[in-house]
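First up is the structure itself, then whatever we jot down about it.
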Amino acid sequence: MKISPNSAALSVAALLLAACGPAPSIQPDRVTPYRLTNQAGMEVTLLNYGATLQSIKVPDRAGKLGDVLLGFDVLDGYKGTHPYFGAIVGRYGNRIAKGRFTLNGVEYKLATNDKTNHLHGGLKGFDKAFWRAREAGPNAIEFTYVSADGEEGYPGTLTAKVTYTITEANELRIAYEASSDKGTVVNLTNHAYFNLAGTGDILKHELLLKADRFTPVDAGLIPTGELRAVSGTPFDFTNATAVGARIAANDEQIKLGGGYDHNFVLTAGASAEPALAAQVYDPSSGRVLEVLTTEPGVQFYTGNFLDGTIKGKGGVSYGKNAALCLETQHFPDSPNQPSFPSAVLKGGSSYRSTTVFRFSRR
Ligand code: BGC
């Protein structure tokens with residue numbers, strides 16, 4: 001297994017950083033790539049900006065390597081406007097209604113960046129921050145970001161660490177850790193946009209979700225508080241089903257999302273060890289992705305807001321349904337929904353979460 005900064009944009013500073021930890025010559029505000037590879041032929045490129053997953057190259061059924069993530073070839077593209085391609089989102093991934101919540105009797109007002117709601121950490125979330133990078137073993141890179149007390153309205157200085165590790169079993173493990181000096185709310189996830197074919201749309205990808213219920217939403221995509229059975233609805237992925245099979249169904253929730261843009265309640269619940277949450281199979285390439293997590297929920301989003309205006313890798317315009325996201329998480333708006341698993345992090349205690357993306361082929 002090898003770790004090396006991506007040769008395309010390799011700087012001496014990056015090489016020093018990957019090899020020896022922070023060096024005085026590092027330009028902390030330069031988007032710098034890091035690469036993890038294994039003997040099985042998997043290649044992963046990460047960026048210090050947003051602790052972003054820039055590419056994942058895995059073999060198809062014929063053994064041909066292909067990139068399964070949407071994003072940009074030119075690294076500065078990540079600093080422009082885009083819908084969180086591959087980034088770590090935080091301090092609170094997903095929506096908080098009206099950008100408000102009350103903790104220990106104090107009401108906090110967050111930045112609102114999704115109409116009247118707060119989404120993915122606000123105007124300048126963790127996706128738009130430079131993280132400090134450090135080699136964390138022969139096959140791992142650790143990114144650290146310190147979010148100041150009051151940033152985007154959140155209480156407490158939060159130190160967040162995200163460690164990406166690859167294994168010889170073609171797994172990418174993402175370990176999240178955080179601690180705060182004051183009570184706060186935390187919900188970290190990775191916003192990778194997957195297309196296992198590496199081209200076209202994901203409507204023929206077959207999805208299995210280990211979820212018997214989902215959280216229906218209102219017109220602002222805020223959960224109503226109900227946990228609704230998926231059985232008999234277009235949200236039933238308990239048996240593998242093509243993503244496109246019911247995506248245009250005459251269903252109130254599908255219409256509100258413009259497709260799938262919903263949190264699924266994982267049957268395993270919050271678990272100590274990552275449990276299987278989802279499996280995606282692309283019949284055209286033979287690639288399989290399994291998502292395992294310790295989180296109680298997963299946001300299944302079918303790229304409904306992609307409208308062709310963003311040109312990504314290879315100059316391709318990303319249109320509606322060009323990719324799907326499986327964002328492992330606590331449920332949206334948990335800080336305002338007492339019946340949902342709590343996303344509160346007490347001052348002095350630590351937050352931990354792990355998600356694994358495991359690739360194989362059929
Ligand atoms: C949300 C979508 C949003 C997308 C990009 C997803 O996590 O659920 O509603 O459009 O992120 O911001």
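By convention here, the chains of the structure tokens are called A, B, ... in the order presented, each chain's residues are numbered starting at 1, and ligands are numbered starting at 1 in the order presented.
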* Asked: If you run DSSP on the backbone, which residues of segment 33-138 of chain A are helix (DSSP H, G or I), as an MDAnalysis selection string?
  -> chainID A and resid 75:79 97:99 126:128
* Counting only C-alpha atoms and all ligand atoms, what residues are within 7 Å of ligand 1, given as an MDAnalysis selection string? -> chainID A and resid 83:84 94 191 261:262 299 301 305 327
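Closest approach to Gly257 of chain A among A:Thr238, A:Thr302, A:Ser231, A:Thr294: A:Thr302, based on only C-alpha atoms.
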Contacts of segment 31-82 of chain A with segment 157-162 of chain A up to 12 Å, shortest pair per row, only C-alpha atoms, as JSON lines:
{"residue": "A:Leu46", "atom": "CA", "partner": "A:Val162", "partner_atom": "CA", "distance": 11.4}
{"residue": "A:Leu47", "atom": "CA", "partner": "A:Val162", "partner_atom": "CA", "distance": 12.0}
{"residue": "A:Asn48", "atom": "CA", "partner": "A:Val162", "partner_atom": "CA", "distance": 10.9}
{"residue": "A:Gly50", "atom": "CA", "partner": "A:Val162", "partner_atom": "CA", "distance": 10.5}
{"residue": "A:Ala51", "atom": "CA", "partner": "A:Val162", "partner_atom": "CA", "distance": 7.6}
{"residue": "A:Thr52", "atom": "CA", "partner": "A:Val162", "partner_atom": "CA", "distance": 10.3}
{"residue": "A:Leu53", "atom": "CA", "partner": "A:Val162", "partner_atom": "CA", "distance": 11.4}
* Mind the document's chain letters and residue numbers, and return as number ranges by chain the residues of segment 62-166 of chain A that DSSP labels strand (DSSP E or B). => A: 65-67, 69, 88-89, 92, 95-96, 100-103, 106-109, 114, 117-119, 130, 132-135, 140-147, 158-166
I need the residues from that last selection saved to file as a PDB file, in the first residue's frame (with C-alpha atoms), if you can.
ATOM      1  CA  LEU A  65     -10.008   0.874 -13.551  1.00  0.00           C
ATOM      2  CA  GLY A  66     -12.531   3.686 -13.649  1.00  0.00           C
ATOM      3  CA  ASP A  67     -13.351   6.705 -11.514  1.00  0.00           C
ATOM      4  CA  LEU A  69     -17.025   9.893  -8.368  1.00  0.00           C
ATOM      5  CA  ILE A  88     -16.926  16.435   4.298  1.00  0.00           C
ATOM      6  CA  VAL A  89     -19.992  18.355   5.381  1.00  0.00           C
ATOM      7  CA  TYR A  92     -24.133  19.600  10.930  1.00  0.00           C
ATOM      8  CA  ARG A  95     -30.898  20.527   7.278  1.00  0.00           C
ATOM      9  CA  ILE A  96     -31.788  22.332  10.484  1.00  0.00           C
ATOM     10  CA  ARG A 100     -32.426  27.497  14.853  1.00  0.00           C
ATOM     11  CA  PHE A 101     -32.168  25.138  17.768  1.00  0.00           C
ATOM     12  CA  THR A 102     -32.157  25.338  21.543  1.00  0.00           C
ATOM     13  CA  LEU A 103     -29.529  23.646  23.667  1.00  0.00           C
ATOM     14  CA  VAL A 106     -30.105  28.849  24.925  1.00  0.00           C
ATOM     15  CA  GLU A 107     -31.431  29.430  21.411  1.00  0.00           C
ATOM     16  CA  TYR A 108     -28.736  29.401  18.727  1.00  0.00           C
ATOM     17  CA  LYS A 109     -29.230  31.058  15.339  1.00  0.00           C
ATOM     18  CA  ASP A 114     -31.204  26.848   1.905  1.00  0.00           C
ATOM     19  CA  ASN A 117     -33.200  26.639   6.510  1.00  0.00           C
ATOM     20  CA  HIS A 118     -29.626  25.776   7.390  1.00  0.00           C
ATOM     21  CA  LEU A 119     -27.978  23.147   5.143  1.00  0.00           C
ATOM     22  CA  PHE A 130      -8.655  23.960   4.491  1.00  0.00           C
ATOM     23  CA  ARG A 132      -4.467  20.073   8.097  1.00  0.00           C
ATOM     24  CA  ALA A 133      -3.287  16.809   6.539  1.00  0.00           C
ATOM     25  CA  ARG A 134      -1.080  14.179   8.189  1.00  0.00           C
ATOM     26  CA  GLU A 135      -0.010  10.669   7.271  1.00  0.00           C
ATOM     27  CA  ALA A 140      -4.165   6.400   5.882  1.00  0.00           C
ATOM     28  CA  ILE A 141      -4.427  10.183   5.803  1.00  0.00           C
ATOM     29  CA  GLU A 142      -5.860  12.166   8.701  1.00  0.00           C
ATOM     30  CA  PHE A 143      -7.400  15.613   8.207  1.00  0.00           C
ATOM     31  CA  THR A 144      -7.992  18.016  11.101  1.00  0.00           C
ATOM     32  CA  TYR A 145     -10.067  21.166  11.234  1.00  0.00           C
ATOM     33  CA  VAL A 146     -10.720  23.406  14.226  1.00  0.00           C
ATOM     34  CA  SER A 147     -14.069  25.167  13.966  1.00  0.00           C
ATOM     35  CA  LEU A 158     -14.983  21.948  17.819  1.00  0.00           C
ATOM     36  CA  THR A 159     -11.911  19.973  16.759  1.00  0.00           C
ATOM     37  CA  ALA A 160     -12.887  17.586  13.973  1.00  0.00           C
ATOM     38  CA  LYS A 161     -10.693  14.795  12.592  1.00  0.00           C
ATOM     39  CA  VAL A 162     -11.470  12.655   9.569  1.00  0.00           C
ATOM     40  CA  THR A 163      -9.194   9.719   8.763  1.00  0.00           C
ATOM     41  CA  TYR A 164      -9.409   7.953   5.418  1.00  0.00           C
ATOM     42  CA  THR A 165      -7.866   4.464   5.270  1.00  0.00           C
ATOM     43  CA  ILE A 166      -7.805   1.996   2.398  1.00  0.00           C
TER      44      ILE A 166
END
